[in-house]
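K.L.:
Before anything else, here's the structure in question.
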Amino acid sequence: MQSIINSIVKNRNLIIYLILSFITFSFLYNNSTLHFNELGKISTYLSATSSKFSSSIISYFNLRKENEKLISENLQLKKMESTYKYTQINEDTLNSINSAKVIVNSINKSKNIIIIDKGKLDSINLDTGVISSKGVVGIVKNVTNNYASIISLLNTDLRLNAILKNTSTIGSVTWDGLNTRILKLNDIPHSSTIKVGDTVVTGGMSFYFPKGIPIGKIINYDKSSLEGYYEIDVEIFNDFSSLSNLYILNRTDNNEIQSLLNE
Amino acid sequence: MNRELLKNISFYTIILALQLLIFNQFKLFGFITPFIYLIIFVHYKTTYDKTVLLILGFLIGLIIDLSMQTYGCHTFSTITICYLRGRIEKNSFGVNANLPSAMIKDTPLFSRISFFLSLITIHSIIYYSLIFFNINLLSTIFLYAFINSITTFIIIWIISRLISNN
């Protein structure tokens with residue numbers, strides 16, 4: 001306390017100067033229109049700058065919340081998209097879409113898998129399709145109570161039904177285990193007309209995905225094969241090295257279709 | 001009330017009266033009004049209390065503002081030079097700054113000119129900055145401050161010589 005008093009006494013001239021300056025500026029502010037306007041502008045500028053600074057800090061700490069909000073909104077949009085875009089699947093068969101975060105993701109093996117933070121308790125079922133905002137990611141192959149593993153498109157065991165978006169020619173995509181950006185589109189006969197840039201989408205002839213979900217685009221094709229089929233390279237829309245939020249498509253009619261196939 | 005205080009009060013009153021009644025009406029080139037009241041702060045003895053100087057600066061500035069309708073521009077300029085006076089003394093007079101008789105008499109001419117001009121120029125720059133209060137008029141502010149400082153300096157110098165001769 002004594003040191004505070006000493007400090008005040010020592011700096012009394014500065015304190016008095018600041019008090020008198022404040023009184024003077026109050027006098028200026030209240031009596032002169034010019035100074036009122038100019039000080040008002042300075043005040044507005046300072047308050048706007050400080051508010052912007054503080055709001056940028058606050059918004060940084062709210063990013064996680066904002067991100068969750070955006071994922072939730074995205075989920076709603078995906079549901080709407082499913083209803084209106086993939087016309088052969090009605091809202092009853094594609095009864096729900098769950099979102100999940102990637103917790104493990106490999107791309108450097110021949111049989112890559114992805115593990116997500118949702119499981120049985122979150123209504124994730126086996127053999128359901130998984131997509132991201134850019135397109136197909138893979139298929140759920142194992143489910144525990146809280147986690148699920150997904151066979152990604154970058155897995156040499158996965159063969160997925162696909163079609164060319166423009167011509168509806170049916171084929172299948174596989175991964176040869178070499179380039180993580182390139183898939184092979186098989187079973188497209190020479191009689192089909194294809195060109196570089198054509199989009200490849202899911203064909204709808206599987207349990208996993210409705211028709212029309214983007215997979216990639218043709219970047220190269222070879223017609224020299226003697227078997228009568230093109231050798232087509234498809235660049236994947238998804239970047240598997242940076243997957244974070246995924247959507248799991250739950251279909252109610254999977255069991256029904258499965259039982260028909262088993263008969 | 002001692003003799004010195006009475007003498008000082010009389011001096012301040014005369015200077016204020018001169019400023020209010022004569023020099024405030026004086027418009028050199030239509031805009032230059034010499035601020036001869038600054039002589040009070042120039043002649044304020046170094047041995048006197050600096051806090052009293054600040055209060056004195058505030059009161060005199062306020063009186064000038066009220067008479068010239070400048071709403072605090074004089075007050076702020078005056079309290080600022082009163083606050084900075086100690087540093088200006090040290091810059092101008094160096095080691096002699098703390099000697100009681102060092103102010104006007106027996107000090108080098110250059111130190112005295114430097115001291116007078118520093119106080120007057122700082123006051124003028126602050127005053128015209130507040131009067132125009134516009135960054136785009138910076139050249140005008142410095143021009144007015146320069147001409148006003150020179151005029152004020154000449155008049156204060158002459159009055160100081162008259163006082164010291166008497």
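Ordered as shown in the structure tokens, chains take letters A, B, and onward, while each chain numbers its residues from 1 and ligands are numbered from 1 in the order shown.
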With a distance threshold of 8 Å and counting only C-alpha atoms, extract the residues of chain B near chain A and express them as JSON, numbers by chain.
P.N.:
{"B": [50, 51, 54, 58, 71, 72, 73, 75, 76, 79, 80, 83, 133]}
K.L.:
Apply DSSP to the structure's backbone, then extract all residues of segment 11-48 of chain B labelled helix (DSSP H, G or I) and return them as JSON, numbers by chain.
P.N.:
{"B": [11, 12, 13, 14, 15, 16, 17, 18, 19, 20, 21, 23, 24, 25, 36, 37, 38, 39, 40, 41, 42, 43]}
K.L.:
Generate the output file for the selected residues, N, CA, C and O atoms, as a PDB file, in the first residue's frame.
P.N.:
ATOM      1  N   PHE B  11       2.037  40.113 -12.001  1.00  0.00           N
ATOM      2  CA  PHE B  11       2.637  39.861 -13.326  1.00  0.00           C
ATOM      3  C   PHE B  11       1.693  39.034 -14.212  1.00  0.00           C
ATOM      4  O   PHE B  11       1.426  39.383 -15.367  1.00  0.00           O
ATOM      5  N   TYR B  12       1.141  37.944 -13.617  1.00  0.00           N
ATOM      6  CA  TYR B  12       0.226  37.091 -14.381  1.00  0.00           C
ATOM      7  C   TYR B  12      -1.003  37.882 -14.823  1.00  0.00           C
ATOM      8  O   TYR B  12      -1.478  37.742 -15.959  1.00  0.00           O
ATOM      9  N   THR B  13      -1.507  38.714 -13.932  1.00  0.00           N
ATOM     10  CA  THR B  13      -2.721  39.484 -14.246  1.00  0.00           C
ATOM     11  C   THR B  13      -2.459  40.474 -15.390  1.00  0.00           C
ATOM     12  O   THR B  13      -3.270  40.584 -16.322  1.00  0.00           O
ATOM     13  N   ILE B  14      -1.330  41.149 -15.317  1.00  0.00           N
ATOM     14  CA  ILE B  14      -1.005  42.120 -16.372  1.00  0.00           C
ATOM     15  C   ILE B  14      -0.852  41.417 -17.718  1.00  0.00           C
ATOM     16  O   ILE B  14      -1.403  41.851 -18.735  1.00  0.00           O
ATOM     17  N   ILE B  15      -0.124  40.306 -17.694  1.00  0.00           N
ATOM     18  CA  ILE B  15       0.089  39.568 -18.952  1.00  0.00           C
ATOM     19  C   ILE B  15      -1.244  39.074 -19.515  1.00  0.00           C
ATOM     20  O   ILE B  15      -1.519  39.202 -20.717  1.00  0.00           O
ATOM     21  N   LEU B  16      -2.092  38.517 -18.646  1.00  0.00           N
ATOM     22  CA  LEU B  16      -3.408  38.033 -19.103  1.00  0.00           C
ATOM     23  C   LEU B  16      -4.235  39.171 -19.675  1.00  0.00           C
ATOM     24  O   LEU B  16      -4.888  39.025 -20.714  1.00  0.00           O
ATOM     25  N   ALA B  17      -4.195  40.329 -19.001  1.00  0.00           N
ATOM     26  CA  ALA B  17      -4.945  41.495 -19.478  1.00  0.00           C
ATOM     27  C   ALA B  17      -4.426  41.943 -20.841  1.00  0.00           C
ATOM     28  O   ALA B  17      -5.216  42.245 -21.755  1.00  0.00           O
ATOM     29  N   LEU B  18      -3.106  41.949 -20.988  1.00  0.00           N
ATOM     30  CA  LEU B  18      -2.504  42.322 -22.279  1.00  0.00           C
ATOM     31  C   LEU B  18      -2.969  41.369 -23.386  1.00  0.00           C
ATOM     32  O   LEU B  18      -3.318  41.776 -24.488  1.00  0.00           O
ATOM     33  N   GLN B  19      -2.948  40.062 -23.050  1.00  0.00           N
ATOM     34  CA  GLN B  19      -3.359  39.054 -24.037  1.00  0.00           C
ATOM     35  C   GLN B  19      -4.837  39.245 -24.425  1.00  0.00           C
ATOM     36  O   GLN B  19      -5.173  39.282 -25.608  1.00  0.00           O
ATOM     37  N   LEU B  20      -5.687  39.375 -23.397  1.00  0.00           N
ATOM     38  CA  LEU B  20      -7.135  39.423 -23.652  1.00  0.00           C
ATOM     39  C   LEU B  20      -7.557  40.734 -24.312  1.00  0.00           C
ATOM     40  O   LEU B  20      -8.390  40.742 -25.222  1.00  0.00           O
ATOM     41  N   LEU B  21      -6.968  41.838 -23.853  1.00  0.00           N
ATOM     42  CA  LEU B  21      -7.452  43.134 -24.327  1.00  0.00           C
ATOM     43  C   LEU B  21      -6.740  43.628 -25.584  1.00  0.00           C
ATOM     44  O   LEU B  21      -7.353  44.293 -26.413  1.00  0.00           O
ATOM     45  N   PHE B  23      -3.660  41.694 -27.473  1.00  0.00           N
ATOM     46  CA  PHE B  23      -3.125  40.742 -28.457  1.00  0.00           C
ATOM     47  C   PHE B  23      -4.186  39.823 -29.069  1.00  0.00           C
ATOM     48  O   PHE B  23      -3.982  39.316 -30.161  1.00  0.00           O
ATOM     49  N   ASN B  24      -5.281  39.609 -28.369  1.00  0.00           N
ATOM     50  CA  ASN B  24      -6.346  38.799 -28.970  1.00  0.00           C
ATOM     51  C   ASN B  24      -6.995  39.510 -30.158  1.00  0.00           C
ATOM     52  O   ASN B  24      -7.606  38.860 -31.011  1.00  0.00           O
ATOM     53  N   GLN B  25      -6.890  40.829 -30.195  1.00  0.00           N
ATOM     54  CA  GLN B  25      -7.471  41.590 -31.309  1.00  0.00           C
ATOM     55  C   GLN B  25      -6.472  41.707 -32.467  1.00  0.00           C
ATOM     56  O   GLN B  25      -6.823  42.152 -33.548  1.00  0.00           O
ATOM     57  N   ILE B  36       1.174  35.892 -26.126  1.00  0.00           N
ATOM     58  CA  ILE B  36       2.197  36.418 -25.210  1.00  0.00           C
ATOM     59  C   ILE B  36       2.021  35.889 -23.785  1.00  0.00           C
ATOM     60  O   ILE B  36       2.920  36.005 -22.957  1.00  0.00           O
ATOM     61  N   TYR B  37       0.870  35.285 -23.502  1.00  0.00           N
ATOM     62  CA  TYR B  37       0.677  34.739 -22.149  1.00  0.00           C
ATOM     63  C   TYR B  37       1.654  33.604 -21.863  1.00  0.00           C
ATOM     64  O   TYR B  37       1.845  33.201 -20.716  1.00  0.00           O
ATOM     65  N   LEU B  38       2.287  33.082 -22.929  1.00  0.00           N
ATOM     66  CA  LEU B  38       3.266  32.004 -22.730  1.00  0.00           C
ATOM     67  C   LEU B  38       4.482  32.473 -21.942  1.00  0.00           C
ATOM     68  O   LEU B  38       5.224  31.652 -21.395  1.00  0.00           O
ATOM     69  N   ILE B  39       4.637  33.792 -21.850  1.00  0.00           N
ATOM     70  CA  ILE B  39       5.766  34.339 -21.079  1.00  0.00           C
ATOM     71  C   ILE B  39       5.671  33.915 -19.605  1.00  0.00           C
ATOM     72  O   ILE B  39       6.686  33.756 -18.918  1.00  0.00           O
ATOM     73  N   ILE B  40       4.440  33.697 -19.147  1.00  0.00           N
ATOM     74  CA  ILE B  40       4.238  33.253 -17.758  1.00  0.00           C
ATOM     75  C   ILE B  40       4.947  31.908 -17.529  1.00  0.00           C
ATOM     76  O   ILE B  40       5.613  31.696 -16.516  1.00  0.00           O
ATOM     77  N   PHE B  41       4.820  31.011 -18.507  1.00  0.00           N
ATOM     78  CA  PHE B  41       5.410  29.672 -18.355  1.00  0.00           C
ATOM     79  C   PHE B  41       6.911  29.677 -18.647  1.00  0.00           C
ATOM     80  O   PHE B  41       7.642  28.832 -18.164  1.00  0.00           O
ATOM     81  N   VAL B  42       7.313  30.666 -19.456  1.00  0.00           N
ATOM     82  CA  VAL B  42       8.750  30.799 -19.729  1.00  0.00           C
ATOM     83  C   VAL B  42       9.461  31.304 -18.476  1.00  0.00           C
ATOM     84  O   VAL B  42      10.534  30.818 -18.117  1.00  0.00           O
ATOM     85  N   HIS B  43       8.828  32.275 -17.787  1.00  0.00           N
ATOM     86  CA  HIS B  43       9.477  32.901 -16.639  1.00  0.00           C
ATOM     87  C   HIS B  43       9.185  32.210 -15.307  1.00  0.00           C
ATOM     88  O   HIS B  43       9.673  32.669 -14.276  1.00  0.00           O
TER      89      HIS B  43
END
